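Peer 1: Input structure: target.cif, which contains mmCIF, C-alpha atoms and all ligand atoms.
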```
data_my_file
#
loop_
_atom_site.label_atom_id
_atom_site.label_comp_id
_atom_site.auth_asym_id
_atom_site.auth_seq_id
_atom_site.Cartn_x
_atom_site.Cartn_y
_atom_site.Cartn_z
CA MET W 188 113.38 125.66 113.02
CA PRO W 189 114.12 128.69 110.81
CA GLU W 190 115.15 131.98 112.45
CA PRO W 191 112.08 133.79 113.84
CA LEU W 192 111.35 136.90 111.79
CA ASN W 193 110.03 140.25 112.94
CA ILE W 194 106.95 140.61 110.76
CA VAL W 195 104.77 143.70 110.74
CA VAL W 196 101.25 142.84 109.67
CA GLY W 197 99.35 145.92 108.52
CA VAL W 198 95.60 145.41 108.70
CA THR W 199 93.42 147.87 106.81
CA GLY W 200 89.69 148.46 106.72
CA GLY W 201 88.04 145.89 104.52
CA ILE W 202 85.63 143.04 105.21
CA ALA W 203 88.47 140.60 104.51
CA ALA W 204 90.18 141.91 107.69
CA TYR W 205 88.67 138.92 109.51
CA LYS W 206 90.93 136.67 107.46
CA ALA W 207 93.98 138.67 108.59
CA VAL W 208 93.49 136.93 111.94
CA ALA W 209 94.18 133.55 110.31
CA VAL W 210 97.28 134.95 108.61
CA ILE W 211 98.61 136.34 111.92
CA ARG W 212 97.85 133.06 113.69
CA SER W 213 99.71 131.05 111.12
CA LEU W 214 102.79 133.33 111.27
CA VAL W 215 102.84 133.19 115.08
CA LEU W 216 102.48 129.39 115.12
CA ALA W 217 105.40 129.22 112.67
CA GLY W 218 107.48 130.93 115.39
CA HIS W 219 107.57 134.48 114.06
CA ASP W 220 107.32 137.68 116.10
CA VAL W 221 104.28 139.47 114.69
CA HIS W 222 103.53 143.15 115.28
CA VAL W 223 100.16 144.31 114.07
CA VAL W 224 99.68 147.86 112.86
CA ALA W 225 95.96 148.34 112.28
CA THR W 226 94.28 151.36 110.73
CA ASP W 227 91.31 152.88 112.55
CA ALA W 228 89.09 151.53 109.79
CA ALA W 229 90.48 148.00 110.32
CA LEU W 230 89.36 148.10 113.95
CA ARG W 231 85.78 148.66 112.79
CA PHE W 232 85.95 145.21 111.21
CA VAL W 233 88.03 143.20 113.69
CA GLY W 234 88.59 143.89 117.39
CA LYS W 235 91.90 144.96 118.90
CA PRO W 236 91.67 142.29 121.65
CA THR W 237 91.47 139.58 118.99
CA LEU W 238 94.48 140.96 117.12
CA GLU W 239 96.47 141.33 120.36
CA ALA W 240 95.64 137.86 121.62
CA ILE W 241 96.42 136.20 118.31
CA SER W 242 99.61 138.19 117.60
CA ARG W 243 100.75 137.94 121.25
CA ASN W 244 101.93 141.57 120.99
CA THR W 245 100.46 145.03 121.52
CA VAL W 246 98.54 146.24 118.51
CA ASN W 247 99.57 149.71 117.37
CA THR W 248 97.12 152.04 115.68
CA ASP W 249 97.74 155.57 116.79
CA LEU W 250 100.44 157.76 115.29
CA TYR W 251 100.53 159.85 118.47
CA GLU W 252 101.06 156.98 120.90
CA GLY W 253 104.55 155.89 121.97
CA VAL W 254 106.04 159.13 120.68
CA ALA W 255 108.87 159.05 123.25
CA GLU W 256 110.15 155.82 121.69
CA VAL W 257 109.59 157.25 118.17
CA ARG W 258 107.21 154.42 117.45
CA HIS W 259 106.17 155.77 114.04
CA VAL W 260 109.57 154.81 112.66
CA ALA W 261 110.76 152.19 115.18
CA ILE W 262 108.24 149.56 114.10
CA GLY W 263 109.22 149.81 110.44
CA GLN W 264 112.95 149.93 111.18
CA ALA W 265 112.79 146.68 113.19
CA ALA W 266 110.76 144.79 110.59
CA ASP W 267 112.17 141.98 108.44
CA LEU W 268 108.97 141.98 106.40
CA ILE W 269 105.85 144.12 106.13
CA LEU W 270 102.70 142.29 105.08
CA ILE W 271 99.52 144.27 104.50
CA VAL W 272 96.45 142.08 104.66
CA PRO W 273 93.95 143.06 103.45
CA ALA W 274 95.17 146.00 101.40
CA THR W 275 92.20 148.17 100.48
CA ALA W 276 92.09 150.34 97.35
CA ASN W 277 92.50 153.36 99.61
CA THR W 278 95.62 151.98 101.33
CA ILE W 279 97.09 150.95 97.97
CA ALA W 280 96.56 154.50 96.69
CA LYS W 281 98.22 155.96 99.78
CA LEU W 282 101.19 153.56 99.55
CA ALA W 283 101.68 154.34 95.87
CA ASN W 284 101.92 158.03 96.74
CA GLY W 285 104.01 157.68 99.89
CA ILE W 286 101.29 159.18 102.07
CA ALA W 287 102.00 158.85 105.78
CA ASP W 288 98.93 160.19 107.55
CA ASP W 289 98.60 157.17 109.80
CA LEU W 290 100.88 154.76 111.65
CA LEU W 291 100.88 152.18 108.86
CA GLY W 292 101.91 154.74 106.23
CA ASN W 293 104.77 155.92 108.46
CA THR W 294 105.82 152.37 109.21
CA VAL W 295 106.10 151.51 105.50
CA LEU W 296 108.05 154.67 104.68
CA ALA W 297 110.42 154.17 107.60
CA SER W 298 111.25 150.59 106.65
CA LYS W 299 113.78 148.99 104.33
CA ALA W 300 112.06 145.61 104.65
CA PRO W 301 110.30 143.99 101.69
CA VAL W 302 106.62 144.91 101.46
CA VAL W 303 103.96 142.38 100.51
CA ILE W 304 100.31 143.30 100.02
CA ALA W 305 97.18 141.17 99.65
CA PRO W 306 94.58 143.38 97.96
CA ALA W 307 90.89 142.82 98.64
CA MET W 308 88.12 144.86 97.07
CA HIS W 309 85.20 144.68 94.67
CA THR W 310 85.95 143.91 91.05
CA GLU W 311 85.07 147.42 89.87
CA MET W 312 87.51 148.97 92.35
CA TRP W 313 90.26 146.50 91.41
CA GLN W 314 89.78 147.15 87.71
CA ASN W 315 89.53 150.92 88.13
CA ALA W 316 92.32 152.66 86.22
CA ALA W 317 93.46 154.44 89.39
CA THR W 318 93.94 151.16 91.27
CA ALA W 319 95.57 149.47 88.28
CA HIS W 320 98.02 152.38 88.02
CA ASN W 321 98.76 152.35 91.76
CA ILE W 322 99.43 148.60 91.67
CA SER W 323 101.87 148.98 88.78
CA VAL W 324 103.64 151.80 90.65
CA LEU W 325 103.99 149.59 93.71
CA GLU W 326 105.19 146.59 91.69
CA GLY W 327 107.71 148.83 89.97
CA ARG W 328 108.99 149.74 93.41
CA GLY W 329 109.48 146.08 94.29
CA VAL W 330 106.32 145.53 96.32
CA THR W 331 105.01 141.95 96.03
CA VAL W 332 101.29 141.76 95.26
CA ILE W 333 99.53 138.53 96.21
CA GLY W 334 96.27 137.98 94.34
CA PRO W 335 93.56 139.05 94.43
CA ALA W 336 91.81 135.85 93.47
CA SER W 337 88.64 135.54 91.50
CA GLY W 338 85.70 134.17 93.44
CA GLN W 339 82.85 134.98 95.76
CA LEU W 340 82.98 138.57 97.03
CA THR W 341 81.36 139.85 100.21
CA GLY W 342 77.83 139.82 98.85
CA ALA W 343 76.19 137.38 96.49
CA ASP W 344 78.34 138.59 93.61
CA SER W 345 81.64 137.14 92.54
CA GLY W 346 84.59 138.24 90.43
CA GLN W 347 88.18 139.31 90.74
CA GLY W 348 89.03 141.10 93.97
CA ARG W 349 88.51 138.37 96.55
CA MET W 350 91.50 138.28 98.87
CA SER W 351 93.80 135.27 98.43
CA GLU W 352 93.40 132.54 101.04
CA PRO W 353 95.40 133.01 104.27
CA GLU W 354 97.70 130.01 103.76
CA GLU W 355 98.56 131.20 100.25
CA ILE W 356 99.32 134.69 101.59
CA VAL W 357 101.57 133.31 104.33
CA ALA W 358 103.49 131.07 101.93
CA ALA W 359 103.93 133.83 99.33
CA ALA W 360 104.98 136.39 101.95
CA LEU W 361 107.61 134.12 103.52
CA ALA W 362 108.82 133.15 100.05
CA VAL W 363 109.88 136.76 99.48
CA LEU W 364 112.56 136.32 102.15
CA ARG W 365 113.83 133.01 100.86
CA PRO W 366 117.42 133.15 99.57
CA LYS W 367 117.64 132.72 95.77
CA ASP W 368 120.52 130.30 96.18
CA LEU W 369 119.23 127.72 93.68
CA THR W 370 118.85 130.13 90.79
CA GLY W 371 119.19 128.35 87.46
CA ARG W 372 119.61 124.88 89.00
CA ARG W 373 117.47 122.20 87.35
CA ILE W 374 115.87 120.07 90.03
CA LEU W 375 113.76 117.02 89.39
CA ILE W 376 111.55 115.96 92.30
CA THR W 377 109.23 112.98 92.59
CA ALA W 378 106.36 113.04 95.06
CA GLY W 379 103.39 110.94 96.13
CA GLY W 380 102.92 107.20 96.08
CA THR W 381 102.74 104.86 93.12
CA ARG W 382 99.73 102.62 92.50
CA GLU W 383 99.90 99.21 90.90
CA ALA W 384 96.70 98.17 89.20
CA LEU W 385 95.07 94.84 90.07
CA ASP W 386 92.10 95.35 87.81
CA PRO W 387 90.40 98.39 86.24
CA VAL W 388 89.18 99.68 89.60
CA ARG W 389 91.62 98.41 92.24
CA PHE W 390 95.26 98.95 93.03
CA ILE W 391 98.02 98.24 95.53
CA GLY W 392 99.26 101.56 96.88
CA ASN W 393 100.60 103.36 99.92
CA ARG W 394 99.53 106.25 102.10
CA SER W 395 102.02 108.84 100.83
CA SER W 396 100.15 112.09 100.10
CA GLY W 397 102.99 113.83 98.29
CA LYS W 398 103.11 116.67 100.82
CA GLN W 399 106.85 116.49 101.51
CA GLY W 400 107.81 116.24 97.84
CA VAL W 401 105.47 119.09 96.89
CA ALA W 402 106.89 121.20 99.74
CA LEU W 403 110.37 120.52 98.34
CA ALA W 404 109.26 121.51 94.86
CA CYS W 405 107.68 124.78 96.08
CA ALA W 406 110.65 125.68 98.28
CA ALA W 407 113.14 124.92 95.48
CA ALA W 408 111.15 127.01 92.99
CA GLU W 409 110.99 129.89 95.45
CA ARG W 410 114.77 129.66 95.85
CA GLY W 411 115.18 130.12 92.11
CA ALA W 412 115.43 126.52 90.86
CA ILE W 413 113.88 125.34 87.60
CA VAL W 414 111.72 122.58 89.02
CA THR W 415 110.16 119.57 87.36
CA LEU W 416 107.80 117.70 89.63
CA ILE W 417 106.68 114.19 88.80
CA GLY W 418 103.63 113.50 90.91
CA ALA W 419 102.35 110.01 91.60
CA ASN W 420 98.73 110.28 92.73
CA LEU W 421 99.20 113.52 94.64
CA GLU W 422 96.65 114.35 97.30
CA VAL W 423 97.78 117.98 97.54
CA SER W 424 97.45 120.82 95.09
CA VAL W 425 100.55 122.26 93.47
CA SER W 426 101.20 125.93 92.73
CA ALA W 427 100.50 126.76 89.10
CA THR W 428 104.07 128.01 88.78
CA ILE W 429 105.47 124.47 88.98
CA ARG W 430 105.51 122.12 86.00
CA VAL W 431 103.98 118.80 87.06
CA GLU W 432 103.90 115.55 85.18
CA HIS W 433 101.36 113.13 86.62
CA VAL W 434 101.98 109.39 86.68
CA VAL W 435 100.24 106.46 88.35
CA SER W 436 102.43 103.34 88.42
CA THR W 437 106.09 102.68 89.15
CA LEU W 438 106.84 101.83 85.51
CA GLU W 439 105.30 105.14 84.41
CA LEU W 440 107.30 106.93 87.10
CA ALA W 441 110.49 105.19 85.95
CA ASP W 442 109.97 106.30 82.32
CA ALA W 443 109.23 109.89 83.35
CA VAL W 444 112.16 110.08 85.77
CA PHE W 445 114.76 108.60 83.43
CA ALA W 446 113.70 111.00 80.65
CA ALA W 447 113.66 114.10 82.87
CA ALA W 448 116.87 113.18 84.73
CA GLU W 449 118.91 113.70 81.58
CA GLU W 450 118.55 117.44 82.08
CA ALA W 451 118.61 117.59 85.88
CA ASP W 452 121.41 118.86 88.14
CA VAL W 453 119.68 117.31 91.15
CA VAL W 454 117.16 114.48 91.44
CA ILE W 455 115.20 114.11 94.66
CA MET W 456 113.28 110.85 94.87
CA ALA W 457 110.72 111.72 97.54
CA ALA W 458 108.02 109.48 96.05
CA ALA W 459 107.06 106.30 97.87
CA VAL W 460 107.56 103.73 95.16
CA SER W 461 105.96 100.32 95.13
CA ASP W 462 108.65 97.65 95.21
CA TYR W 463 106.36 95.09 93.53
CA ARG W 464 103.50 95.08 91.03
CA PRO W 465 100.97 92.40 90.11
CA GLU W 466 102.37 90.15 87.44
CA SER W 467 99.20 90.56 85.41
CA VAL W 468 96.35 93.04 85.54
CA ALA W 469 92.84 91.58 85.24
CA GLU W 470 90.96 93.01 82.27
CA SER W 471 87.71 93.20 84.20
CA LYS W 472 86.87 93.54 87.89
CA ILE W 473 88.06 90.57 89.94
CA LYS W 474 84.91 88.88 91.30
CA LYS W 475 84.69 87.08 94.64
CA GLU W 476 82.09 84.82 93.05
CA THR W 477 84.76 83.36 90.75
CA GLN W 478 87.64 83.47 93.27
CA GLY W 479 86.12 81.66 96.21
CA GLU W 480 87.59 81.87 99.74
CA ARG W 481 91.16 82.77 98.81
CA LEU W 482 92.67 85.03 96.21
CA THR W 483 96.36 84.84 95.40
CA ILE W 484 98.04 87.67 93.55
CA GLU W 485 101.48 87.01 92.14
CA LEU W 486 103.76 90.06 92.39
CA VAL W 487 106.91 90.81 90.44
CA LYS W 488 109.66 93.18 91.42
CA ASN W 489 109.65 96.73 90.09
CA PRO W 490 112.85 98.34 88.85
CA ASP W 491 114.67 100.38 91.48
CA ILE W 492 114.54 103.84 89.93
CA LEU W 493 117.01 105.47 92.30
CA ALA W 494 119.59 102.73 91.84
CA GLY W 495 119.03 103.01 88.07
CA LEU W 496 119.67 106.75 88.25
CA ALA W 497 122.92 106.11 90.12
CA ASP W 498 124.04 103.74 87.35
CA ARG W 499 123.48 106.32 84.61
CA ARG W 500 124.21 109.53 86.49
CA ARG W 501 125.59 112.53 84.65
CA ASP W 502 128.83 114.14 85.85
CA GLY W 503 128.14 116.28 88.88
CA GLN W 504 124.50 115.22 89.18
CA ILE W 505 123.33 114.96 92.79
CA LEU W 506 120.97 112.14 93.74
CA VAL W 507 118.84 112.22 96.87
CA GLY W 508 116.84 109.25 98.10
CA PHE W 509 114.24 108.97 100.81
CA ALA W 510 113.85 106.12 103.22
CA ALA W 511 110.57 105.83 105.06
CA GLU W 512 110.93 103.18 107.73
CA THR W 513 108.70 101.83 110.48
CA GLU W 514 111.72 100.83 112.65
CA ARG W 515 111.24 102.31 116.13
CA ASP W 516 114.74 101.90 117.52
CA ALA W 517 116.88 104.96 116.64
CA ASP W 518 120.13 103.00 116.15
CA ALA W 519 118.45 100.33 114.08
CA LEU W 520 116.78 103.05 111.98
CA LEU W 521 120.18 104.61 111.28
CA ALA W 522 121.66 101.24 110.41
CA LEU W 523 118.84 100.68 107.89
CA GLY W 524 119.53 104.09 106.38
CA ARG W 525 123.27 103.45 106.12
CA ALA W 526 122.75 100.12 104.42
CA LYS W 527 120.24 101.69 102.04
CA ILE W 528 122.44 104.55 100.87
CA VAL W 529 125.21 102.10 100.03
CA ARG W 530 122.75 99.85 98.18
CA LYS W 531 121.19 102.72 96.23
CA GLY W 532 124.35 104.68 95.44
CA SER W 533 122.74 108.08 96.08
CA ASP W 534 124.64 111.08 97.48
CA PHE W 535 122.18 111.74 100.27
CA LEU W 536 119.41 109.81 101.98
CA VAL W 537 116.57 111.48 103.86
CA LEU W 538 115.56 109.07 106.56
CA ASN W 539 112.24 109.34 108.34
CA ARG W 540 110.02 107.19 110.46
CA VAL W 541 106.57 106.37 109.17
CA GLY W 542 103.72 104.52 110.76
CA TRP W 543 99.99 104.51 111.24
CA SER W 544 100.10 108.13 112.41
CA GLU W 545 103.62 109.29 111.51
CA GLY W 546 105.23 110.62 108.37
CA PHE W 547 102.79 109.92 105.55
CA ALA W 548 99.91 112.36 104.95
CA THR W 549 100.73 114.46 108.03
CA ASP W 550 101.70 118.14 107.99
CA GLY W 551 104.88 117.70 110.02
CA ASN W 552 107.96 115.59 109.51
CA SER W 553 111.11 114.63 111.34
CA VAL W 554 114.11 113.61 109.26
CA ILE W 555 117.77 112.66 109.44
CA VAL W 556 119.90 113.26 106.35
CA LEU W 557 122.83 110.92 105.70
CA ASP W 558 125.60 111.49 103.20
CA GLY W 559 127.13 108.87 100.93
CA ALA W 560 129.49 107.74 103.70
CA GLY W 561 126.52 107.18 106.02
CA ASP W 562 127.36 110.15 108.24
CA ILE W 563 124.57 112.32 109.63
CA VAL W 564 124.77 115.72 107.93
CA MET W 565 121.50 117.21 109.17
CA GLU W 566 118.53 116.53 111.44
CA ALA W 567 115.32 118.53 111.22
CA SER W 568 111.80 118.46 112.63
CA GLY W 569 108.90 120.75 111.89
CA SER W 570 106.48 121.56 109.11
CA LYS W 571 107.12 119.84 105.79
CA THR W 572 107.95 123.28 104.37
CA SER W 573 110.62 123.99 106.97
CA VAL W 574 112.03 120.46 106.57
CA ALA W 575 112.12 121.02 102.79
CA ASP W 576 114.18 124.17 103.27
CA ARG W 577 116.64 122.39 105.56
CA ILE W 578 117.09 119.59 103.01
CA LEU W 579 117.70 122.18 100.27
CA ASP W 580 120.23 123.93 102.53
CA VAL W 581 122.23 120.69 102.60
CA LEU W 582 122.14 120.44 98.79
CA VAL W 583 123.20 124.08 98.40
O1 LIG W 601 114.13 100.68 98.92
P1 LIG W 601 113.24 101.75 99.41
O2 LIG W 601 111.88 101.72 98.77
O3 LIG W 601 113.13 101.87 100.89
O4 LIG W 601 113.97 103.09 98.94
C1 LIG W 601 113.38 104.31 99.04
C2 LIG W 601 114.01 105.27 98.04
O5 LIG W 601 114.19 104.66 96.79
C3 LIG W 601 113.10 106.45 97.75
O6 LIG W 601 113.88 107.54 97.39
C4 LIG W 601 112.28 105.95 96.58
O7 LIG W 601 111.76 107.01 95.82
C5 LIG W 601 113.29 105.13 95.82
N1 LIG W 601 112.76 103.96 95.12
C6 LIG W 601 112.94 103.84 93.77
N2 LIG W 601 112.48 102.74 93.08
C7 LIG W 601 111.87 101.73 93.74
C8 LIG W 601 111.71 101.80 95.12
C9 LIG W 601 112.15 102.93 95.78
O8 LIG W 601 113.51 104.77 93.17
N3 LIG W 601 111.44 100.69 93.06
#
```
Can you turn what I pasted into structure tokens?
Ligand code: C5P
Peer 2:
Amino acid sequence: MPEPLNIVVGVTGGIAAYKAVAVIRSLVLAGHDVHVVATDAALRFVGKPTLEAISRNTVNTDLYEGVAEVRHVAIGQAADLILIVPATANTIAKLANGIADDLLGNTVLASKAPVVIAPAMHTEMWQNAATAHNISVLEGRGVTVIGPASGQLTGADSGQGRMSEPEEIVAAALAVLRPKDLTGRRILITAGGTREALDPVRFIGNRSSGKQGVALACAAAERGAIVTLIGANLEVSVSATIRVEHVVSTLELADAVFAAAEEADVVIMAAAVSDYRPESVAESKIKKETQGERLTIELVKNPDILAGLADRRRDGQILVGFAAETERDADALLALGRAKIVRKGSDFLVLNRVGWSEGFATDGNSVIVLDGAGDIVMEASGSKTSVADRILDVLV
């Protein structure tokens, strides 16, 4: 579990304020201490009881409340991060000019924490020269601007100005605080599960969604790495900032990995790779009418990509394997992991348990990381994003 952060969420008066509730909820569930500073206008759109219940803290609005404890500066001084969601055109204009006529304005001025804003307004207001200027002033001052997206606005119209989605805002805001300790490192990550064709419409595959590998790719990129992601049948979307090469089968994955590994400082093989493939692929759909009661498919072994990487590794290149096992006994699971890391020749092995409802395609994960000697160097449980960061900490 990462350190809980003190996050001030400024909520200002726009229709998108209802989505601020989802942002606050997500930050609280991730373990952070969230303090909401709402403008008067914000409270015309979303109720204080909702914001207090969801943030689990008192919601501050009034500049003249809590004067004895100098609240107008104390909130900003204590903050690790200030996130303003939504940020209206009016608030953006006030921030750009350092205006402090309400508690939120004071809080921002009194803080040294990074400021992140998620603008939301109609297209005309977003494109207005005044807003464009104010945004460039804020960016020049180091404020991170998330979105706005283009899409449906409050009414029937659509265009640029729609607030980014809550999960995107949360991820981008937390990314601001990530250490940039992988700057310039070239990291190759595989994710997803390979599929081996039986015929033009069928395949042998596995239930890996690619979530853990994609979380690793995003976290590494946010920590400054130059990331290449090779995705095998990903079921999750990937941020546009990450270069993805899509593959389907193990042989395609092997070609892509061996080519990209030549440039990589680190290779993380998070993909679930099929150990076997059908010896031959039927040219047309296999028909039960011609097969009868039984159908036998001959499988041949796929190359072991990770072991192949170990054989041709560059000097100083770090190789990380994954081992997804259904073994329930903790000692036996560790023994499997230890045998595997020796067999594969990787520097680290991320060991996790998978099953009908564990590991694959879920949002959480629980892993043990072994080093080349088979010793446990790290154990982590939590969201796939937090597990990704812990794995990267080991590599750093
Ligand atoms: O042998 P096993 O499939 O359990 O090993 C898992 C690790 O090896 C993962 O990192 C996976 O990406 C990699 N692997 C591979 N080539 C294979 C099978 C697995 O690189 N043919």
Peer 1: Interatomic distance between CA of Ala287 (chain W) and CA of Ala319 (chain W)?
Peer 2: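 CA of Ala319 (chain W) lies at a distance of 20.9 Å from CA of Ala287 (chain W).
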Peer 1: Mind listing the residues within 7 Å of ligand LIG 601 (chain W), only C-alpha atoms and all ligand atoms counted, as a list in words?
Peer 2: Thr437, Met456, Ala457, Ala458, Ala459, Val460, Ser461, Asp462, Asn489, Pro490, Asp491, Ile492, Leu493, Ala494, Val507, Gly508, Phe509, Ala510, Ala511 and Lys527 of chain W
Peer 1: I'd like to know which of W:Tyr205, W:Phe232, W:Phe390, W:Trp543 is closest to Tyr463 (chain W), using all atoms listed in the file.
Peer 2: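 Nearest to Tyr463 (chain W): W:Phe390.
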Peer 1: Kindly extract all protein, DNA and RNA residues lying within 6 Å of the coordinates (104.6, 111.3, 90.3) given in the file, considering only C-alpha atoms, and supply them as a ChimeraX atom specification.
Peer 2: /W:377-379,417-419,433-434
Peer 1: Keeping only C-alpha atoms, write those residues as a PDB file, in the frame of the given file.
Peer 2:
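Ended up saving to again.pdb:
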```pdb
ATOM      1  CA  THR W 377     109.230 112.980  92.590  1.00  0.00           C
ATOM      2  CA  ALA W 378     106.360 113.040  95.060  1.00  0.00           C
ATOM      3  CA  GLY W 379     103.390 110.940  96.130  1.00  0.00           C
ATOM      4  CA  ILE W 417     106.680 114.190  88.800  1.00  0.00           C
ATOM      5  CA  GLY W 418     103.630 113.500  90.910  1.00  0.00           C
ATOM      6  CA  ALA W 419     102.350 110.010  91.600  1.00  0.00           C
ATOM      7  CA  HIS W 433     101.360 113.130  86.620  1.00  0.00           C
ATOM      8  CA  VAL W 434     101.980 109.390  86.680  1.00  0.00           C
TER       9      VAL W 434
END
```
Peer 1: Compute the distance from (99.7, 151.6, 90.2) to each atom, counting only C-alpha atoms, keep the residues with any atom at most 12 Å away, and return them as a PyMOL selection string; use the coordinates of the file.
Peer 2: chain W and resi 276-284+313-330+332
Peer 1: Between CA of Ala447 (chain W) and CA of Phe547 (chain W), what distance in Å does the model show, to one decimal?
Peer 2: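 About the pair CA of Ala447 (chain W) and CA of Phe547 (chain W): they are 25.5 Å apart.
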Peer 1: For Arg258 (chain W), list every protein, DNA or RNA residue within 12 Å, evaluated using only C-alpha atoms, and leave out those in the same chain fewer than 4 positions away; present the list as a PyMOL selection string.
Peer 2: chain W and resi 224+246-254+262-265+289-291+293-294+297
Peer 1: Where atoms are missing, can you supply N, CA and C atoms for region 242-261 of chain W and output the lot as a PDB file, keeping the file's coordinate frame?
Peer 2:
```
ATOM      1  N   SER W 242      98.222 137.831 117.963  1.00  0.00           N
ATOM      2  CA  SER W 242      99.610 138.190 117.600  1.00  0.00           C
ATOM      3  C   SER W 242     100.551 138.086 118.795  1.00  0.00           C
ATOM      4  N   ARG W 243      99.973 138.016 119.993  1.00  0.00           N
ATOM      5  CA  ARG W 243     100.750 137.940 121.250  1.00  0.00           C
ATOM      6  C   ARG W 243     101.617 139.189 121.439  1.00  0.00           C
ATOM      7  N   ASN W 244     101.230 140.295 120.836  1.00  0.00           N
ATOM      8  CA  ASN W 244     101.930 141.570 120.990  1.00  0.00           C
ATOM      9  C   ASN W 244     100.896 142.703 121.032  1.00  0.00           C
ATOM     10  N   THR W 245     101.320 143.853 121.537  1.00  0.00           N
ATOM     11  CA  THR W 245     100.460 145.030 121.520  1.00  0.00           C
ATOM     12  C   THR W 245     100.147 145.403 120.076  1.00  0.00           C
ATOM     13  N   VAL W 246      98.901 145.776 119.856  1.00  0.00           N
ATOM     14  CA  VAL W 246      98.540 146.240 118.510  1.00  0.00           C
ATOM     15  C   VAL W 246      98.647 147.753 118.462  1.00  0.00           C
ATOM     16  N   ASN W 247      99.376 148.261 117.491  1.00  0.00           N
ATOM     17  CA  ASN W 247      99.570 149.710 117.370  1.00  0.00           C
ATOM     18  C   ASN W 247      98.654 150.264 116.287  1.00  0.00           C
ATOM     19  N   THR W 248      98.057 151.414 116.614  1.00  0.00           N
ATOM     20  CA  THR W 248      97.120 152.040 115.680  1.00  0.00           C
ATOM     21  C   THR W 248      97.408 153.519 115.538  1.00  0.00           C
ATOM     22  N   ASP W 249      97.737 154.119 116.698  1.00  0.00           N
ATOM     23  CA  ASP W 249      97.740 155.570 116.790  1.00  0.00           C
ATOM     24  C   ASP W 249      99.134 156.140 116.528  1.00  0.00           C
ATOM     25  N   LEU W 250      99.185 157.083 115.617  1.00  0.00           N
ATOM     26  CA  LEU W 250     100.440 157.760 115.290  1.00  0.00           C
ATOM     27  C   LEU W 250     100.990 158.547 116.475  1.00  0.00           C
ATOM     28  N   TYR W 251     100.107 158.954 117.371  1.00  0.00           N
ATOM     29  CA  TYR W 251     100.530 159.850 118.470  1.00  0.00           C
ATOM     30  C   TYR W 251     100.715 159.100 119.781  1.00  0.00           C
ATOM     31  N   GLU W 252     100.737 157.783 119.717  1.00  0.00           N
ATOM     32  CA  GLU W 252     101.060 156.980 120.900  1.00  0.00           C
ATOM     33  C   GLU W 252     102.517 156.548 120.812  1.00  0.00           C
ATOM     34  N   GLY W 253     103.165 156.383 121.971  1.00  0.00           N
ATOM     35  CA  GLY W 253     104.550 155.890 121.970  1.00  0.00           C
ATOM     36  C   GLY W 253     105.513 156.856 121.308  1.00  0.00           C
ATOM     37  N   VAL W 254     105.209 158.135 121.372  1.00  0.00           N
ATOM     38  CA  VAL W 254     106.040 159.130 120.680  1.00  0.00           C
ATOM     39  C   VAL W 254     107.457 159.157 121.263  1.00  0.00           C
ATOM     40  N   ALA W 255     107.556 158.991 122.600  1.00  0.00           N
ATOM     41  CA  ALA W 255     108.870 159.050 123.250  1.00  0.00           C
ATOM     42  C   ALA W 255     109.820 158.002 122.671  1.00  0.00           C
ATOM     43  N   GLU W 256     109.269 156.858 122.267  1.00  0.00           N
ATOM     44  CA  GLU W 256     110.150 155.820 121.690  1.00  0.00           C
ATOM     45  C   GLU W 256     110.134 155.885 120.147  1.00  0.00           C
ATOM     46  N   VAL W 257     109.641 156.988 119.629  1.00  0.00           N
ATOM     47  CA  VAL W 257     109.590 157.250 118.170  1.00  0.00           C
ATOM     48  C   VAL W 257     108.975 156.037 117.441  1.00  0.00           C
ATOM     49  N   ARG W 258     107.797 155.653 117.952  1.00  0.00           N
ATOM     50  CA  ARG W 258     107.210 154.420 117.450  1.00  0.00           C
ATOM     51  C   ARG W 258     106.870 154.481 115.951  1.00  0.00           C
ATOM     52  N   HIS W 259     106.609 155.700 115.445  1.00  0.00           N
ATOM     53  CA  HIS W 259     106.170 155.770 114.040  1.00  0.00           C
ATOM     54  C   HIS W 259     107.264 155.344 113.068  1.00  0.00           C
ATOM     55  N   VAL W 260     108.519 155.365 113.537  1.00  0.00           N
ATOM     56  CA  VAL W 260     109.570 154.810 112.660  1.00  0.00           C
ATOM     57  C   VAL W 260     110.167 153.515 113.222  1.00  0.00           C
ATOM     58  N   ALA W 261     110.092 153.352 114.557  1.00  0.00           N
ATOM     59  CA  ALA W 261     110.760 152.190 115.180  1.00  0.00           C
ATOM     60  C   ALA W 261     110.181 150.870 114.685  1.00  0.00           C
TER      61      ALA W 261
END
```
